[in-house]
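**Q** Just dropping this structure here.
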Amino acid sequence: MLELHSINRSFGERQVLHDVSFTVERGRMTGFVGGNGAGKTTTMRVILGVLSADSGTVTLDGTPLTADLRTDFGYMPEERGLYPKMPVLEQIIYLGRLHGMTAAEAKESAETLLTKLGLGERLTDTVESLSLGNQQRAQIAAALVHNPEVLVLDEPFSGLDPIAVEVVLNVLKDYASGGAPVLFSSHQLDIVERLCDDLVVIADGQIRASGSREGIREAHSSPRFELQLDGDAGWLRSEPGVEVIDFAGGYALFDVDDLATSQRVLQRAIATAPVQRFGPKYPTLAQIFTEVIQ
Amino acid sequence: MTRYQSPSPLTATWLVAEREIRMRLRSKAFLISTGILMLVVLAGVVLPSVLGGNSSLPKVAAVGEAVSSVEQLGTLDVTEAASVDEAENLVRSEDVDAAIVPGDGPTGYTVIGLDEAPSDIIAALSVSPPVQLLDENGMNPGLVYIVALGFGLVFFMSAITFGSTIAQSVVEEKQTRIVEILMSTVPVRVLLAGKILGNSLLAFGQIIIIALLAGIGLLATGQDILLADVGPSIVWFAVFFAAGFVLLAALFAAAAALVSRQEDLGSVTSPVTMLIMIPYFLVIFFNDNPLVLSIMSYVPFSAPVGMPMRVFLGSAEWWEPLLSLAILLTSTVAVVAFGSRVYANGLLRTGARVKLSDALAK
């Protein structure tokens with residue numbers, strides 16, 4: 001389990017992170033969302049030790065992170081890049097060796113990984129000669145060559161074509177199911193919603209919400225229901241304990257004060273006209289996000 | 001999952017250095033320019049003696065009784081001519097440089113030249129008085145100039161070449177953003193140390209090959225006496241260069257870490273380039289000025305050129321190179337500390353040029 005405890009960090013006068021604390025559980029995919037400049041990249045850089053925190057600690061299973069522990073981390077920075085004039089395989093081997101692999105281990109791992117990512121034919125080509133999508137795949141290999149125990153990925157899906165998104169997704173799921181804590185940030189809230197088990201929301205350098213996806217969803221959704229009738233649903237407006245949010249002929253979206261009210265509404269609806277649809281309406285992640293960061 | 005031990009700082013430094021060297025040796029531009037530099041040095045050492053060796057003894061034509069007395073000198077290549085007319089024809093056709101014919105006057109000869117008095121032949125025929133020099137250590141000014149030019153040029157070329165290689169390699173990593181992956185893998189100090197080590201080894205290797213080439217060239221062309229004069233100062237040059245280059249390398253790396261694009265590199269590295277160019281010009285223009293040389297030999301940036309020059313001229317006491325080396329090493333340690341701070345703070349700031357004060361602050 002990767003834990004951040006009250007991380008603070010300023011650049012000059014500007015404080016970028018305020019008491020940032022959250023947990024990335026083993027075996028779970030944790031999505032990290034926030035607007036531009038909210039502090040996602042800075043937080044990830046602190047986890048990786050690329051930036052130092054002014055105060056606060058990061059621990060893995062209770063042990064404060066050291067350079068040696070971080071050797072087992074796989075990191076994909078938001079700003080992508082590899083040496084343009086260096087052949088792909090050689091470059092991935094080099095990074096593997098910097099992580100402490102022997103030349104033979106690094107070579108084997110790099111070849112396997114690049115082949116799995118569909119670059120098996122391009123091993124000796126320089127990075128600059130690869131297409132953008134293939135460069136992204138090489139970038140993923142760079143983060144994974146040393147079989148990391150913890151994955152931290154900054155916007156891993158940006159700039160990927162749909163096929164590559166699936167490839168990366170499967171790799172990440174493999175890692176998570178293997179028991180690794182996986183933290184990834186994304187602007188694409190629909191992807192995060194589909195993928196993550198846990199969620200951390202950051203705004204203005206402060207953690208606004210964190211926990212399981214369902215937990216956050218429940219915590220941030222008022223009891224909202226959706227009703228579709230074959231007749232007019234105008235009577236809902238005068239129903240006690242009901243606040244209508246959206247209304248169009250037979251369709252109504254409404255909040256209730258408690259669940260008993262929703263049952264009463266359903267019974268009355270059935271008595272009034274044939275009911276096409278009735279059920280709780282969960283907010284999307286994007287809606288929660290907008291609500292949480294305000 | 002396999003757990004890998006993070007490499008020791010030394011191992012990691014060597015991995016970084018090795019990559020720098022490998023990539024550099026793979027660059028055709030680098031190999032070609034190194035080849036040209038070596039050819040120039042070899043030509044500079046060998047050509048003068050080869051060209052000089054071709055001009056054998058001056059050729060003269062001699063007539064009558066002049067023949068035997070001129071041959072006795074042994075310093076002229078004598079062609080015997082039957083008459084003065086024939087000798088004159090030989091001079092006109094430039095088969096010989098001059099003709100020596102019997103004549104009046106105290107020597108008993110007349111020298112016939114083509115369009116000017118053949119001074120080397122006249123000197124060969126003359127009697128010279130003994131010469132005593134008061135300053136026996138005095139060096140041939142031409143030789144001093146060539147040695148000064150040699151040290152200055154080799155220092156200048158190597159420092160600029162490998163200094164800008166470091167600068168480019170720093171900016172390449174910033175520009176391509178790979179630097180963040182590197183920083184998350186190895187400490188920044190290791191990254192900087194590896195870069196400096198790799199390029200210093202290349203620069204040093206180049207200097208040693210040049211020194212060997214120059215030495216072999218001097219020996220092969222029979223200029224061993226010159227080698228004995230220059231040898232010790234070449235050794236000092238190598239020692240000073242090693243320390244001085246590390247200092248410059250740290251400055252180049254720090255300067256380069258302030259910018260994010262190759263295009264901006266020129267403006268930030270120009271102060272460092274000036275530090276290399278100034279000693280080069282000073283040693284060429286002031287190699288006969290003891291005061292300038294003395295100052296140069298203690299200022300860390302110019303000591304790698306100034307001190308070997310003074311050792312060559314014999315104007316340095318035995319302890320002076322050691323003192324100057326101590327000053328240089330101390331400044332190198334200080335500059336490397338300063339450079340690595342700027343480097344570490346500049347690396348993640350992409351976009352506009354980073355102010356030096358900002359890079360030092362945090």
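All residue names refer to the structure tokens as shown: chains lettered A, B, ... in order, residues numbered from 1 in each chain, ligands numbered from 1 in order.
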Near chain A, meaning an atom within 10 Å, which residues of chain B appear when counting only C-alpha atoms? Write them as JSON, numbers by chain.
**A** {"B": [1, 2, 3, 4, 5, 6, 7, 8, 11, 12, 13, 15, 16, 19, 23, 169, 172, 173, 174, 175, 176, 177, 178, 179, 180, 181, 182, 183, 184, 185, 186, 187, 188, 344, 345, 348, 358, 361, 362]}
**Q** Do a neighbour search on A:Arg28 at 8 Å with only C-alpha atoms, toss out local chain neighbours closer than 5 positions, and write the hits as an MDAnalysis selection string.
**A** chainID A and resid 176:177 179:182 196:198
**Q** Quick one: DSSP strand (DSSP E or B) residues in stretch 20-159 of chain A, as a VMD selection string?
**A** chain A and resid 20 to 24 29 to 33 55 to 60 63 to 64 73 to 76 87 126 150 to 154
**Q** Give me a file of those residues, with C-alpha atoms, as a compact mmCIF listing (two decimals), in the first residue's frame.
**A**
# COMPACT_ATOMS: atom_id res chain seq x y z
CA VAL A 20 -1.97 16.09 0.35
CA SER A 21 -2.77 12.69 1.86
CA PHE A 22 -4.23 9.63 0.16
CA THR A 23 -3.73 5.91 -0.23
CA VAL A 24 -3.11 3.70 -3.23
CA MET A 29 -6.37 0.77 -9.92
CA THR A 30 -6.49 4.22 -8.45
CA GLY A 31 -7.53 7.08 -10.71
CA PHE A 32 -6.14 10.52 -9.95
CA VAL A 33 -8.21 13.32 -11.39
CA SER A 55 7.08 18.48 4.39
CA GLY A 56 5.26 15.18 4.64
CA THR A 57 6.26 11.64 3.76
CA VAL A 58 5.43 8.94 1.27
CA THR A 59 5.46 5.36 2.52
CA LEU A 60 5.17 1.95 0.89
CA THR A 63 8.27 2.20 5.11
CA PRO A 64 9.29 5.72 4.06
CA PHE A 73 8.66 1.98 -9.23
CA GLY A 74 7.59 2.30 -12.82
CA TYR A 75 6.94 5.89 -13.86
CA MET A 76 5.48 7.33 -16.98
CA PRO A 87 17.62 2.46 -31.18
CA THR A 126 15.79 4.65 -33.79
CA VAL A 150 4.42 0.08 -8.05
CA LEU A 151 3.12 1.90 -11.12
CA VAL A 152 2.67 5.64 -11.32
CA LEU A 153 1.45 6.87 -14.68
CA ASP A 154 0.76 10.48 -15.55
**Q** Just the alpha helix (DSSP H) stuff from stretch 191-329 of chain B, please, per backbone DSSP, written as a PyMOL selection string.
**A** chain B and resi 191-220+224-256+265-285+290-296+303-313+320-329
**Q** So how far away is atom CA of B:Pro304 from atom CA of B:Val230, in Å?
**A**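 Value for the atom CA of B:Val230-atom CA of B:Pro304 distance: 15.1 Å.
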**Q** Have a look at atom CA of A:Asp174 and atom CA of A:Gly118 and let me know their distance in Å, one decimal.
**A** 17.1 Å
**Q** Which neighbours of stretch 142-155 of chain B fall inside 7 Å, counting only C-alpha atoms, when residues of the same chain fewer than 6 positions from it are skipped, and could you give them as a list of chain:residue names?
**A**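 Near neighbours after the sequence-gap exclusion: B:Tyr280, B:Val283, B:Ile284, B:Asn287, B:Val305, B:Met309.
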**Q** Generate the output file for the selected residues, N, CA and C atoms, as a PDB file, in the first residue's frame.
**A**
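To be explicit, this is the file written out as again.pdb:
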ATOM      1  N   TYR B 280      42.953  31.385 -24.791  1.00  0.00           N
ATOM      2  CA  TYR B 280      43.505  31.035 -26.094  1.00  0.00           C
ATOM      3  C   TYR B 280      44.136  32.257 -26.761  1.00  0.00           C
ATOM      4  N   VAL B 283      47.277  33.618 -24.708  1.00  0.00           N
ATOM      5  CA  VAL B 283      48.538  32.890 -24.822  1.00  0.00           C
ATOM      6  C   VAL B 283      49.158  33.113 -26.202  1.00  0.00           C
ATOM      7  N   ILE B 284      48.316  33.366 -27.200  1.00  0.00           N
ATOM      8  CA  ILE B 284      48.884  33.599 -28.525  1.00  0.00           C
ATOM      9  C   ILE B 284      49.512  34.991 -28.614  1.00  0.00           C
ATOM     10  N   ASN B 287      52.499  35.433 -25.323  1.00  0.00           N
ATOM     11  CA  ASN B 287      53.371  34.348 -24.882  1.00  0.00           C
ATOM     12  C   ASN B 287      54.779  34.829 -24.570  1.00  0.00           C
ATOM     13  N   VAL B 305      46.486  26.364 -19.825  1.00  0.00           N
ATOM     14  CA  VAL B 305      47.333  26.816 -20.922  1.00  0.00           C
ATOM     15  C   VAL B 305      48.553  27.549 -20.362  1.00  0.00           C
ATOM     16  N   MET B 309      52.843  26.468 -20.343  1.00  0.00           N
ATOM     17  CA  MET B 309      53.631  27.398 -21.141  1.00  0.00           C
ATOM     18  C   MET B 309      54.829  27.877 -20.330  1.00  0.00           C
TER      19      MET B 309
END
**Q** Report, in Å with one decimal, the straight-line distance from atom CA of B:Leu90 to atom CA of B:Val111.
**A** 13.2 Å
